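Peer 1: My structure is in structure.cif, and what it holds is mmCIF, C-alpha atoms:
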```
data_coords
#
loop_
_atom_site.group_PDB
_atom_site.id
_atom_site.type_symbol
_atom_site.label_atom_id
_atom_site.label_comp_id
_atom_site.auth_asym_id
_atom_site.auth_seq_id
_atom_site.Cartn_x
_atom_site.Cartn_y
_atom_site.Cartn_z
ATOM 1 C CA MET Z 1 130.049 25.434 81.289
ATOM 2 C CA PHE Z 2 127.070 27.703 81.819
ATOM 3 C CA LYS Z 3 125.064 28.615 84.835
ATOM 4 C CA ALA Z 4 121.425 29.402 84.203
ATOM 5 C CA VAL Z 5 119.329 31.087 86.853
ATOM 6 C CA VAL Z 6 115.640 30.577 86.205
ATOM 7 C CA THR Z 7 113.099 32.669 88.078
ATOM 8 C CA ILE Z 8 109.529 31.442 87.914
ATOM 9 C CA THR Z 9 106.581 33.522 89.094
ATOM 10 C CA PHE Z 10 102.832 33.373 88.778
ATOM 11 C CA LYS Z 11 101.343 35.309 85.899
ATOM 12 C CA LYS Z 12 99.796 38.596 86.932
ATOM 13 C CA SER Z 13 96.338 37.163 86.266
ATOM 14 C CA ILE Z 14 96.828 34.339 88.790
ATOM 15 C CA LEU Z 15 96.130 35.062 92.432
ATOM 16 C CA ASP Z 16 99.192 34.273 94.522
ATOM 17 C CA PRO Z 17 97.932 33.243 97.981
ATOM 18 C CA GLN Z 18 101.463 32.927 99.398
ATOM 19 C CA GLY Z 19 102.387 36.381 98.163
ATOM 20 C CA THR Z 20 99.193 37.746 99.691
ATOM 21 C CA ALA Z 21 99.999 36.129 103.059
ATOM 22 C CA VAL Z 22 103.535 37.539 103.056
ATOM 23 C CA HIS Z 23 102.178 40.940 102.044
ATOM 24 C CA LYS Z 24 99.800 40.878 105.019
ATOM 25 C CA ALA Z 25 102.612 39.845 107.354
ATOM 26 C CA LEU Z 26 104.847 42.672 106.128
ATOM 27 C CA THR Z 27 102.008 45.152 106.557
ATOM 28 C CA SER Z 28 101.403 43.957 110.111
ATOM 29 C CA LEU Z 29 105.120 44.417 110.813
ATOM 30 C CA GLY Z 30 104.626 48.063 109.991
ATOM 31 C CA TYR Z 31 105.689 48.168 106.350
ATOM 32 C CA GLN Z 32 102.647 50.100 105.219
ATOM 33 C CA ASP Z 33 104.208 51.107 101.916
ATOM 34 C CA VAL Z 34 104.427 47.567 100.508
ATOM 35 C CA GLU Z 35 102.303 47.676 97.393
ATOM 36 C CA ASP Z 36 102.442 44.044 96.284
ATOM 37 C CA VAL Z 37 104.300 40.792 96.989
ATOM 38 C CA ARG Z 38 104.706 37.961 94.503
ATOM 39 C CA MET Z 39 106.322 34.671 95.473
ATOM 40 C CA GLY Z 40 108.260 32.587 92.994
ATOM 41 C CA LYS Z 41 110.796 29.843 92.462
ATOM 42 C CA HIS Z 42 114.516 30.116 91.896
ATOM 43 C CA VAL Z 43 116.266 27.343 89.974
ATOM 44 C CA GLU Z 44 120.010 27.198 89.295
ATOM 45 C CA ILE Z 45 121.210 24.917 86.526
ATOM 46 C CA LEU Z 46 124.807 24.073 85.704
ATOM 47 C CA LEU Z 47 124.993 23.086 82.080
ATOM 48 C CA ARG Z 48 127.877 21.537 80.153
ATOM 49 C CA GLY Z 49 128.604 23.051 76.759
ATOM 50 C CA GLU Z 50 130.391 25.867 75.001
ATOM 51 C CA GLU Z 51 127.827 27.457 72.725
ATOM 52 C CA GLN Z 52 125.884 30.238 74.406
ATOM 53 C CA GLU Z 53 123.007 30.092 71.912
ATOM 54 C CA GLU Z 54 122.651 26.360 72.215
ATOM 55 C CA ALA Z 55 122.669 26.569 76.018
ATOM 56 C CA GLU Z 56 120.035 29.281 75.941
ATOM 57 C CA ALA Z 57 117.770 27.275 73.661
ATOM 58 C CA LYS Z 58 118.173 24.243 75.876
ATOM 59 C CA VAL Z 59 117.232 26.107 79.047
ATOM 60 C CA GLN Z 60 114.233 27.670 77.311
ATOM 61 C CA GLU Z 61 113.090 24.186 76.344
ATOM 62 C CA MET Z 62 113.548 22.956 79.930
ATOM 63 C CA CYS Z 63 111.379 25.825 81.102
ATOM 64 C CA THR Z 64 108.520 25.140 78.727
ATOM 65 C CA ARG Z 65 108.616 21.371 79.192
ATOM 66 C CA LEU Z 66 109.067 21.114 82.946
ATOM 67 C CA LEU Z 67 110.252 24.024 85.060
ATOM 68 C CA ALA Z 68 107.341 26.377 84.430
ATOM 69 C CA ASN Z 69 103.680 25.699 83.765
ATOM 70 C CA PRO Z 70 102.673 28.128 81.004
ATOM 71 C CA VAL Z 71 99.040 27.999 82.153
ATOM 72 C CA ILE Z 72 99.841 29.803 85.396
ATOM 73 C CA GLU Z 73 103.480 30.836 85.372
ATOM 74 C CA GLU Z 74 106.001 32.984 83.545
ATOM 75 C CA TYR Z 75 109.761 32.736 83.778
ATOM 76 C CA GLN Z 76 112.991 34.615 83.197
ATOM 77 C CA VAL Z 77 116.335 33.083 82.363
ATOM 78 C CA GLU Z 78 119.745 34.547 83.106
ATOM 79 C CA LEU Z 79 122.658 32.692 81.593
ATOM 80 C CA VAL Z 80 126.321 33.250 82.404
ATOM 81 C CA GLU Z 81 129.406 31.337 81.345
ATOM 82 C CA VAL Z 82 131.309 29.910 84.314
ATOM 83 C CA GLN Z 83 134.743 28.339 84.724
ATOM 84 C CA VAL Z 84 134.753 24.711 85.792
ATOM 85 C CA MET N 1 85.865 -4.970 84.209
ATOM 86 C CA LYS N 2 89.557 -4.422 84.841
ATOM 87 C CA PHE N 3 90.800 -1.274 86.570
ATOM 88 C CA GLY N 4 94.460 -0.254 86.471
ATOM 89 C CA ILE N 5 95.691 1.866 89.343
ATOM 90 C CA VAL N 6 98.895 3.728 88.581
ATOM 91 C CA VAL N 7 101.424 3.789 91.408
ATOM 92 C CA PHE N 8 104.039 6.530 91.476
ATOM 93 C CA PRO N 9 106.656 6.864 94.203
ATOM 94 C CA GLY N 10 104.689 8.869 96.764
ATOM 95 C CA SER N 11 101.183 7.764 95.754
ATOM 96 C CA ASN N 12 99.202 6.982 98.906
ATOM 97 C CA CYS N 13 95.600 6.323 97.875
ATOM 98 C CA GLU N 14 96.182 3.384 95.563
ATOM 99 C CA ALA N 15 95.214 0.792 98.197
ATOM 100 C CA ASP N 16 91.896 2.559 98.829
ATOM 101 C CA CYS N 17 91.111 2.418 95.114
ATOM 102 C CA ASP N 18 92.162 -1.213 94.922
ATOM 103 C CA TYR N 19 89.980 -2.078 97.940
ATOM 104 C CA LEU N 20 86.976 -0.332 96.461
ATOM 105 C CA VAL N 21 87.243 -2.040 93.078
ATOM 106 C CA ASP N 22 88.008 -5.443 94.571
ATOM 107 C CA LYS N 23 85.731 -5.567 97.625
ATOM 108 C CA ILE N 24 82.882 -3.160 96.852
ATOM 109 C CA LEU N 25 82.562 -3.355 93.067
ATOM 110 C CA GLN N 26 83.889 -6.919 93.020
ATOM 111 C CA GLU N 27 85.717 -6.264 89.806
ATOM 112 C CA GLN N 28 89.363 -6.733 88.898
ATOM 113 C CA ALA N 29 92.019 -4.277 90.006
ATOM 114 C CA THR N 30 95.678 -4.258 89.168
ATOM 115 C CA TYR N 31 98.511 -1.869 89.988
ATOM 116 C CA LEU N 32 100.443 -0.220 87.174
ATOM 117 C CA TRP N 33 103.970 0.756 88.183
ATOM 118 C CA HIS N 34 105.114 4.215 87.084
ATOM 119 C CA ALA N 35 108.334 2.936 85.509
ATOM 120 C CA ASP N 36 106.568 0.298 83.401
ATOM 121 C CA LYS N 37 105.037 0.834 80.001
ATOM 122 C CA ASP N 38 102.479 -1.954 80.184
ATOM 123 C CA LEU N 39 98.815 -1.161 80.819
ATOM 124 C CA LYS N 40 98.062 -4.887 81.272
ATOM 125 C CA GLY N 41 94.930 -4.667 79.152
ATOM 126 C CA VAL N 42 92.910 -2.607 81.642
ATOM 127 C CA ASP N 43 89.564 -0.995 80.778
ATOM 128 C CA CYS N 44 89.896 2.034 83.046
ATOM 129 C CA ILE N 45 92.912 3.787 84.502
ATOM 130 C CA ILE N 46 92.884 5.462 87.904
ATOM 131 C CA LEU N 47 95.533 8.015 88.822
ATOM 132 C CA PRO N 48 95.254 7.974 92.609
ATOM 133 C CA GLY N 49 95.937 10.639 95.204
ATOM 134 C CA GLY N 50 99.178 11.185 97.033
ATOM 135 C CA TYR N 51 102.445 13.030 96.611
ATOM 136 C CA SER N 52 103.936 11.640 93.419
ATOM 137 C CA TYR N 53 107.691 12.308 93.391
ATOM 138 C CA GLY N 54 107.186 14.382 96.537
ATOM 139 C CA ASN N 55 105.179 16.863 94.468
ATOM 140 C CA TYR N 56 108.482 18.669 93.958
ATOM 141 C CA LEU N 57 108.481 21.675 91.615
ATOM 142 C CA ARG N 58 104.689 21.585 91.151
ATOM 143 C CA ALA N 59 102.185 18.915 92.136
ATOM 144 C CA GLY N 60 102.124 16.341 89.347
ATOM 145 C CA SER N 61 104.783 18.015 87.196
ATOM 146 C CA ILE N 62 107.319 15.195 87.458
ATOM 147 C CA ALA N 63 104.826 12.308 87.473
ATOM 148 C CA ARG N 64 103.552 13.640 84.181
ATOM 149 C CA TYR N 65 106.797 12.450 82.539
ATOM 150 C CA ALA N 66 106.832 8.977 84.119
ATOM 151 C CA PRO N 67 107.202 6.191 81.495
ATOM 152 C CA ILE N 68 103.684 4.852 82.193
ATOM 153 C CA MET N 69 102.184 8.265 81.404
ATOM 154 C CA GLU N 70 103.013 7.973 77.711
ATOM 155 C CA GLU N 71 100.822 4.880 77.646
ATOM 156 C CA VAL N 72 98.125 6.553 79.747
ATOM 157 C CA MET N 73 98.030 9.457 77.302
ATOM 158 C CA ALA N 74 97.785 7.159 74.280
ATOM 159 C CA PHE N 75 95.030 5.205 76.080
ATOM 160 C CA ALA N 76 93.119 8.432 76.789
ATOM 161 C CA GLU N 77 93.483 9.603 73.199
ATOM 162 C CA LYS N 78 91.903 6.364 72.002
ATOM 163 C CA GLY N 79 88.917 7.041 74.249
ATOM 164 C CA GLY N 80 89.974 4.930 77.241
ATOM 165 C CA LEU N 81 88.471 5.882 80.587
ATOM 166 C CA VAL N 82 90.849 7.760 82.881
ATOM 167 C CA LEU N 83 89.927 8.969 86.356
ATOM 168 C CA GLY N 84 92.351 11.272 88.155
ATOM 169 C CA ILE N 85 91.696 11.807 91.842
ATOM 170 C CA CYS N 86 93.401 14.625 93.753
ATOM 171 C CA ASN N 87 97.100 14.237 92.819
ATOM 172 C CA GLY N 88 95.776 12.355 89.789
ATOM 173 C CA PHE N 89 93.825 15.461 88.751
ATOM 174 C CA GLN N 90 96.962 17.561 89.180
ATOM 175 C CA ILE N 91 98.894 15.112 86.994
ATOM 176 C CA LEU N 92 96.185 15.237 84.293
ATOM 177 C CA THR N 93 96.381 19.042 84.095
ATOM 178 C CA GLU N 94 100.185 18.966 84.037
ATOM 179 C CA ALA N 95 100.030 16.402 81.234
ATOM 180 C CA GLY N 96 97.647 18.586 79.265
ATOM 181 C CA LEU N 97 94.913 15.941 79.230
ATOM 182 C CA LEU N 98 92.753 18.446 81.087
ATOM 183 C CA PRO N 99 92.975 22.248 80.758
ATOM 184 C CA GLY N 100 93.878 24.694 83.511
ATOM 185 C CA ALA N 101 96.063 24.161 86.551
ATOM 186 C CA ILE N 102 95.791 23.545 90.280
ATOM 187 C CA ILE N 103 97.453 25.801 92.815
ATOM 188 C CA LYS N 104 97.658 26.124 96.598
ATOM 189 C CA ASN N 105 94.449 26.444 98.585
ATOM 190 C CA ARG N 106 93.338 29.966 99.378
ATOM 191 C CA SER N 107 93.871 29.069 103.061
ATOM 192 C CA LEU N 108 97.472 27.951 102.388
ATOM 193 C CA ARG N 109 96.646 24.974 104.614
ATOM 194 C CA PHE N 110 96.215 21.268 104.081
ATOM 195 C CA GLN N 111 92.468 20.719 104.312
ATOM 196 C CA CYS N 112 90.925 17.372 105.137
ATOM 197 C CA GLU N 113 87.155 17.631 105.400
ATOM 198 C CA ASN N 114 83.895 16.539 103.875
ATOM 199 C CA THR N 115 82.658 18.656 101.000
ATOM 200 C CA LEU N 116 79.329 18.768 99.244
ATOM 201 C CA LEU N 117 79.401 18.578 95.474
ATOM 202 C CA ARG N 118 76.664 19.319 93.011
ATOM 203 C CA VAL N 119 76.691 16.919 90.101
ATOM 204 C CA GLU N 120 76.472 19.185 87.059
ATOM 205 C CA GLN N 121 76.573 16.510 84.354
ATOM 206 C CA THR N 122 75.100 13.042 84.493
ATOM 207 C CA ASN N 123 75.531 11.961 80.895
ATOM 208 C CA THR N 124 79.129 10.953 81.523
ATOM 209 C CA PRO N 125 80.975 7.676 82.124
ATOM 210 C CA PHE N 126 81.676 8.860 85.673
ATOM 211 C CA THR N 127 78.334 10.213 86.912
ATOM 212 C CA ASN N 128 75.556 8.312 85.110
ATOM 213 C CA ALA N 129 74.495 6.716 88.406
ATOM 214 C CA CYS N 130 73.791 10.196 89.824
ATOM 215 C CA THR N 131 70.795 12.402 89.182
ATOM 216 C CA GLN N 132 71.127 15.870 87.663
ATOM 217 C CA HIS N 133 72.115 18.416 90.330
ATOM 218 C CA GLU N 134 72.248 15.722 92.972
ATOM 219 C CA VAL N 135 74.325 16.759 95.987
ATOM 220 C CA VAL N 136 76.940 14.195 96.977
ATOM 221 C CA LYS N 137 79.171 14.239 100.040
ATOM 222 C CA ILE N 138 82.789 13.400 99.226
ATOM 223 C CA PRO N 139 85.844 14.386 101.282
ATOM 224 C CA ILE N 140 88.793 16.448 100.140
ATOM 225 C CA ALA N 141 92.335 16.054 101.477
ATOM 226 C CA HIS N 142 94.735 18.465 99.838
ATOM 227 C CA GLU N 143 96.888 21.528 100.220
ATOM 228 C CA GLU N 144 96.890 22.305 96.522
ATOM 229 C CA GLY N 145 93.368 22.081 95.225
ATOM 230 C CA ALA N 146 92.447 25.479 93.861
ATOM 231 C CA TYR N 147 91.503 25.057 90.228
ATOM 232 C CA VAL N 148 92.521 27.964 87.994
ATOM 233 C CA ALA N 149 92.322 28.614 84.269
ATOM 234 C CA ASP N 150 92.233 31.664 82.036
ATOM 235 C CA LYS N 151 88.953 33.322 81.199
ATOM 236 C CA GLU N 152 88.606 31.722 77.756
ATOM 237 C CA THR N 153 89.201 28.235 79.134
ATOM 238 C CA LEU N 154 86.644 28.735 81.893
ATOM 239 C CA GLU N 155 84.060 30.013 79.432
ATOM 240 C CA ARG N 156 84.723 27.057 77.202
ATOM 241 C CA LEU N 157 84.371 24.562 80.071
ATOM 242 C CA GLU N 158 81.079 26.181 81.061
ATOM 243 C CA LYS N 159 79.734 26.325 77.527
ATOM 244 C CA GLU N 160 80.680 22.765 76.674
ATOM 245 C CA GLY N 161 79.260 21.377 79.918
ATOM 246 C CA ARG N 162 82.594 19.946 81.027
ATOM 247 C CA ILE N 163 82.361 21.011 84.650
ATOM 248 C CA VAL N 164 81.182 17.810 86.269
ATOM 249 C CA PHE N 165 81.314 18.726 89.986
ATOM 250 C CA ARG N 166 81.058 22.022 91.841
ATOM 251 C CA TYR N 167 81.394 22.683 95.561
ATOM 252 C CA CYS N 168 77.984 23.632 96.922
ATOM 253 C CA ASN N 169 76.080 24.059 100.170
ATOM 254 C CA GLU N 170 73.319 21.834 101.553
ATOM 255 C CA GLN N 171 70.732 23.665 99.477
ATOM 256 C CA SER N 172 72.816 22.769 96.400
ATOM 257 C CA GLU N 173 73.672 26.434 95.913
ATOM 258 C CA ILE N 174 77.052 27.369 94.497
ATOM 259 C CA THR N 175 78.296 29.956 96.990
ATOM 260 C CA PRO N 176 81.719 31.378 97.927
ATOM 261 C CA GLU N 177 81.263 29.950 101.455
ATOM 262 C CA ALA N 178 80.828 26.447 100.042
ATOM 263 C CA ASN N 179 84.115 26.756 98.171
ATOM 264 C CA PRO N 180 86.777 25.142 100.383
ATOM 265 C CA ASN N 181 89.915 26.043 98.468
ATOM 266 C CA GLY N 182 89.378 29.023 96.211
ATOM 267 C CA SER N 183 88.736 27.095 92.984
ATOM 268 C CA LEU N 184 87.416 29.317 90.201
ATOM 269 C CA ASN N 185 83.665 28.876 89.598
ATOM 270 C CA ASN N 186 83.650 26.441 92.564
ATOM 271 C CA ILE N 187 85.101 23.773 90.265
ATOM 272 C CA ALA N 188 85.752 20.410 91.948
ATOM 273 C CA GLY N 189 85.977 18.253 88.833
ATOM 274 C CA ILE N 190 86.153 18.614 85.044
ATOM 275 C CA MET N 191 86.352 16.366 82.017
ATOM 276 C CA ASN N 192 88.001 16.542 78.603
ATOM 277 C CA VAL N 193 86.169 17.317 75.359
ATOM 278 C CA GLN N 194 85.548 13.652 74.532
ATOM 279 C CA GLY N 195 84.287 13.002 78.061
ATOM 280 C CA ASN N 196 86.505 9.990 78.747
ATOM 281 C CA VAL N 197 88.945 11.730 81.121
ATOM 282 C CA LEU N 198 87.767 13.099 84.466
ATOM 283 C CA GLY N 199 89.824 14.906 87.072
ATOM 284 C CA MET N 200 88.459 15.661 90.525
ATOM 285 C CA MET N 201 89.988 16.913 93.765
ATOM 286 C CA PRO N 202 87.603 15.130 96.203
ATOM 287 C CA HIS N 203 88.237 11.462 97.034
ATOM 288 C CA PRO N 204 85.334 9.172 96.045
ATOM 289 C CA GLU N 205 87.403 6.117 97.042
ATOM 290 C CA ARG N 206 87.293 7.287 100.663
ATOM 291 C CA CYS N 207 83.520 7.187 100.995
ATOM 292 C CA ALA N 208 82.111 4.013 99.542
ATOM 293 C CA GLU N 209 81.143 2.241 102.752
ATOM 294 C CA ALA N 210 78.772 3.311 105.529
ATOM 295 C CA ILE N 211 81.449 2.632 108.119
ATOM 296 C CA LEU N 212 83.548 5.365 106.495
ATOM 297 C CA GLY N 213 80.813 7.947 106.981
ATOM 298 C CA GLY N 214 79.332 7.956 103.522
ATOM 299 C CA VAL N 215 78.690 5.934 100.413
ATOM 300 C CA ASP N 216 78.374 8.604 97.736
ATOM 301 C CA GLY N 217 81.807 7.872 96.335
ATOM 302 C CA GLU N 218 80.637 4.470 95.206
ATOM 303 C CA LYS N 219 78.366 6.149 92.657
ATOM 304 C CA ILE N 220 81.367 7.312 90.651
ATOM 305 C CA PHE N 221 82.703 3.782 90.381
ATOM 306 C CA ARG N 222 79.255 2.270 89.767
ATOM 307 C CA SER N 223 78.848 4.786 86.943
ATOM 308 C CA ILE N 224 82.123 3.717 85.356
ATOM 309 C CA LEU N 225 81.093 0.078 85.577
ATOM 310 C CA ALA N 226 77.611 0.749 84.157
ATOM 311 C CA TRP N 227 79.074 2.787 81.295
ATOM 312 C CA TRP N 228 81.532 0.078 80.418
ATOM 313 C CA GLN N 229 78.897 -2.655 80.614
ATOM 314 C CA GLY N 230 76.524 -0.542 78.522
ATOM 315 C CA GLY N 231 79.142 -0.405 75.811
ATOM 316 C CA ALA N 232 79.398 -4.196 75.859
ATOM 317 C CA GLY N 233 82.914 -4.187 77.122
ATOM 318 C CA ARG N 234 83.897 -1.408 74.739
#
```
Give the structure from this file in structure tokens form.
Peer 2:
Amino acid sequence: MFKAVVTITFKKSILDPQGTAVHKALTSLGYQDVEDVRMGKHVEILLRGEEQEEAEAKVQEMCTRLLANPVIEEYQVELVEVQV
Amino acid sequence: MKFGIVVFPGSNCEADCDYLVDKILQEQATYLWHADKDLKGVDCIILPGGYSYGNYLRAGSIARYAPIMEEVMAFAEKGGLVLGICNGFQILTEAGLLPGAIIKNRSLRFQCENTLLRVEQTNTPFTNACTQHEVVKIPIAHEEGAYVADKETLERLEKEGRIVFRYCNEQSEITPEANPNGSLNNIAGIMNVQGNVLGMMPHPERCAEAILGGVDGEKIFRSILAWWQGGAGR
């Protein structure tokens, strides 16, 4: 069994209005040294299987087909083997 | 003419579309269930507004894989008329039938208000009843309506005349103040290369009777009807 943690964020070129709002809030709380805030999504997937490579390819496919929208988002995948 | 209105779990504007086609246009309307694969021989497909599948993950991202969508995509590829309104527009971009994507409003709020749109193209199945640069009043009701695309896509849309509606002011000027949601280039609606698929954030089905505060929305549907009749039933 594998656990994949997918982190999805807006591409740098896309304005992130939520990130901007949180940035403003942090600044107003006194955190003047915050340079930038980007919001994103965190998806955890438990995946049956034994082959690491196969699992990785599968999660990549899930990302491109559904989890991330390549027009506006980029993603990172972390995959670890877990005991059932 | 027969309109098919796709119903996803969470759609909430399908009855407005049905009412407009049935009572105002006096044409045929039928619902197309998301889990079916039968388009029932319709001449135009409407993807209505709402929150398909709760808009989980991204607006329209799950609806895009509904069984009926395979048929909708094949229909669009063959030149069939497809109108996506609000959530329908989001679904069309997620499905790749229209370029770009739609993200949260600049305000981060749900906005429900009248907007003014400048009709940028009139030689289309959806706007032939309008005059060039006519200003129409059509309401928006969305939290995610900011149209974005990369620079190349935007340039291409501009060059190919595929931006059909832009948010404008009463003088029909395209200004930042007239832009309700932060859409790039004030884009409110675009079409595909072939011109048979239109996506728009404002709701024409909500303003086709004087009692509702405006009738401009009817022009979109009258255009579709005129286009179809002009093509002798296509």
Peer 1: For a quick test of understanding: name the residues of chain N lying within 12 Å of chain Z when counting only C-alpha atoms, and present them as a ChimeraX atom specification.
Peer 2: /N:56-65,90,93-96,98-109,143-144,146-153,181-184
Peer 1: Using only C-alpha atoms, which of N:Leu81, N:Leu117, N:Ile91, N:Ala226 sits nearest Ile187 in chain N?
Peer 2: N:Leu117
Peer 1: Identify, on the basis of only C-alpha atoms, every residue whose closest approach to Val5 in chain Z does not exceed 12 Å; exclude the query and any residue fewer than 5 positions from it along the same chain; express the result as number ranges by chain.
Peer 2: Z: 41-47, 56, 59-60, 63, 67, 75-81
Peer 1: Just say which residues the PyMOL selection byres ((chain N and resi 86) around 8) picks in this file, as a count of residues only.
Peer 2: 17
Peer 1: What does the PyMOL selection byres ((chain N and resi 122) around 10) select in this file, as a list in words?
Peer 2: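 Evaluating the PyMOL selection byres ((chain N and resi 122) around 10) on these coordinates yields Val119, Glu120, Gln121, Asn123, Thr124, Pro125, Phe126, Thr127, Asn128, Ala129, Cys130, Thr131, Gln132, His133, Glu134, Val164 and Ser223 of chain N.
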Peer 1: At what distance in Å, to one decimal, does CA of Gly161 in chain N lie from CA of Ser52 in chain N?
Peer 2: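 One can read the CA of Ser52 in chain N to CA of Gly161 in chain N distance as 29.8 Å.
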Peer 1: Pick out the residues sitting within 12 Å of Lys24 in chain Z, and hand them over as a PyMOL selection string; count all atoms listed in the file, and ignore anything fewer than 5 positions along from it in its own chain.
Peer 2: chain Z and resi 17-19+29-38
Peer 1: Name the residues within 6 Å of (82.8, 19.9, 88.3), counting all atoms listed in the file in the file's coordinates, and put them as a PyMOL selection string.
Peer 2: chain N and resi 163-166+187-190
Peer 1: Step by step, gather every atom of range 36-50 of chain Z that the file lists, find the box along x, y and z that holds them, add 8 Å on each side, and finally give centre and edge lengths in Å to one decimal, as JSON.
Peer 2:
```
{"center_x": 116.4, "center_y": 32.8, "center_z": 86.0, "size_x": 43.9, "size_y": 38.5, "size_z": 38.0}
```
Peer 1: Under the PyMOL selection byres ((chain N and resi 44) around 12), which residues of this model are included? Write them out as a count of residues only.
Peer 2: 42
Peer 1: Using Å and a single decimal, report how far CA of Val22 in chain Z sits from CA of Thr9 in chain Z.
Peer 2: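 So the answer is 14.8 Å.
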Peer 1: Please, what distance in Å, to one decimal, runs between CA of Gly214 in chain N and CA of Asp18 in chain N?
Peer 2: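 Spanning CA of Gly214 in chain N to CA of Asp18 in chain N is a straight-line distance of 18.0 Å.
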Peer 1: Can you work out which one of Z:Ile8, Z:Ala55, Z:Val84, Z:Met1 has the shortest atom-to-atom distance to Met39 in chain Z, counting only C-alpha atoms?
Peer 2: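 Of Z:Ile8, Z:Ala55, Z:Val84, Z:Met1, the one nearest Met39 in chain Z is Z:Ile8, counting only C-alpha atoms.
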Peer 1: Mind checking which residues fall within 12 Å of Lys23 in chain N, counting only C-alpha atoms, ignoring those fewer than 5 positions away in the same chain, and posting them as a list of chain:residue names?
Peer 2: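 Listed by chain and then number, they are N:Ala15, N:Asp16, N:Cys17, N:Asp18, N:Gln28, N:Ala29, N:Glu205, N:Ala208, N:Glu209, N:Glu218.
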Peer 1: Just the residues within 10 Å of Gln171 in chain N, please, counting all atoms listed in the file, with nothing from its chain fewer than 5 positions along; format it as a PyMOL selection string.
Peer 2: chain N and resi 116+118+135
Peer 1: Given only C-alpha atoms as the basis, pick out the residue of N:Asn55, N:Val7, N:Tyr19, N:Glu71 nearest to Asp38 in chain N.
Peer 2: N:Glu71
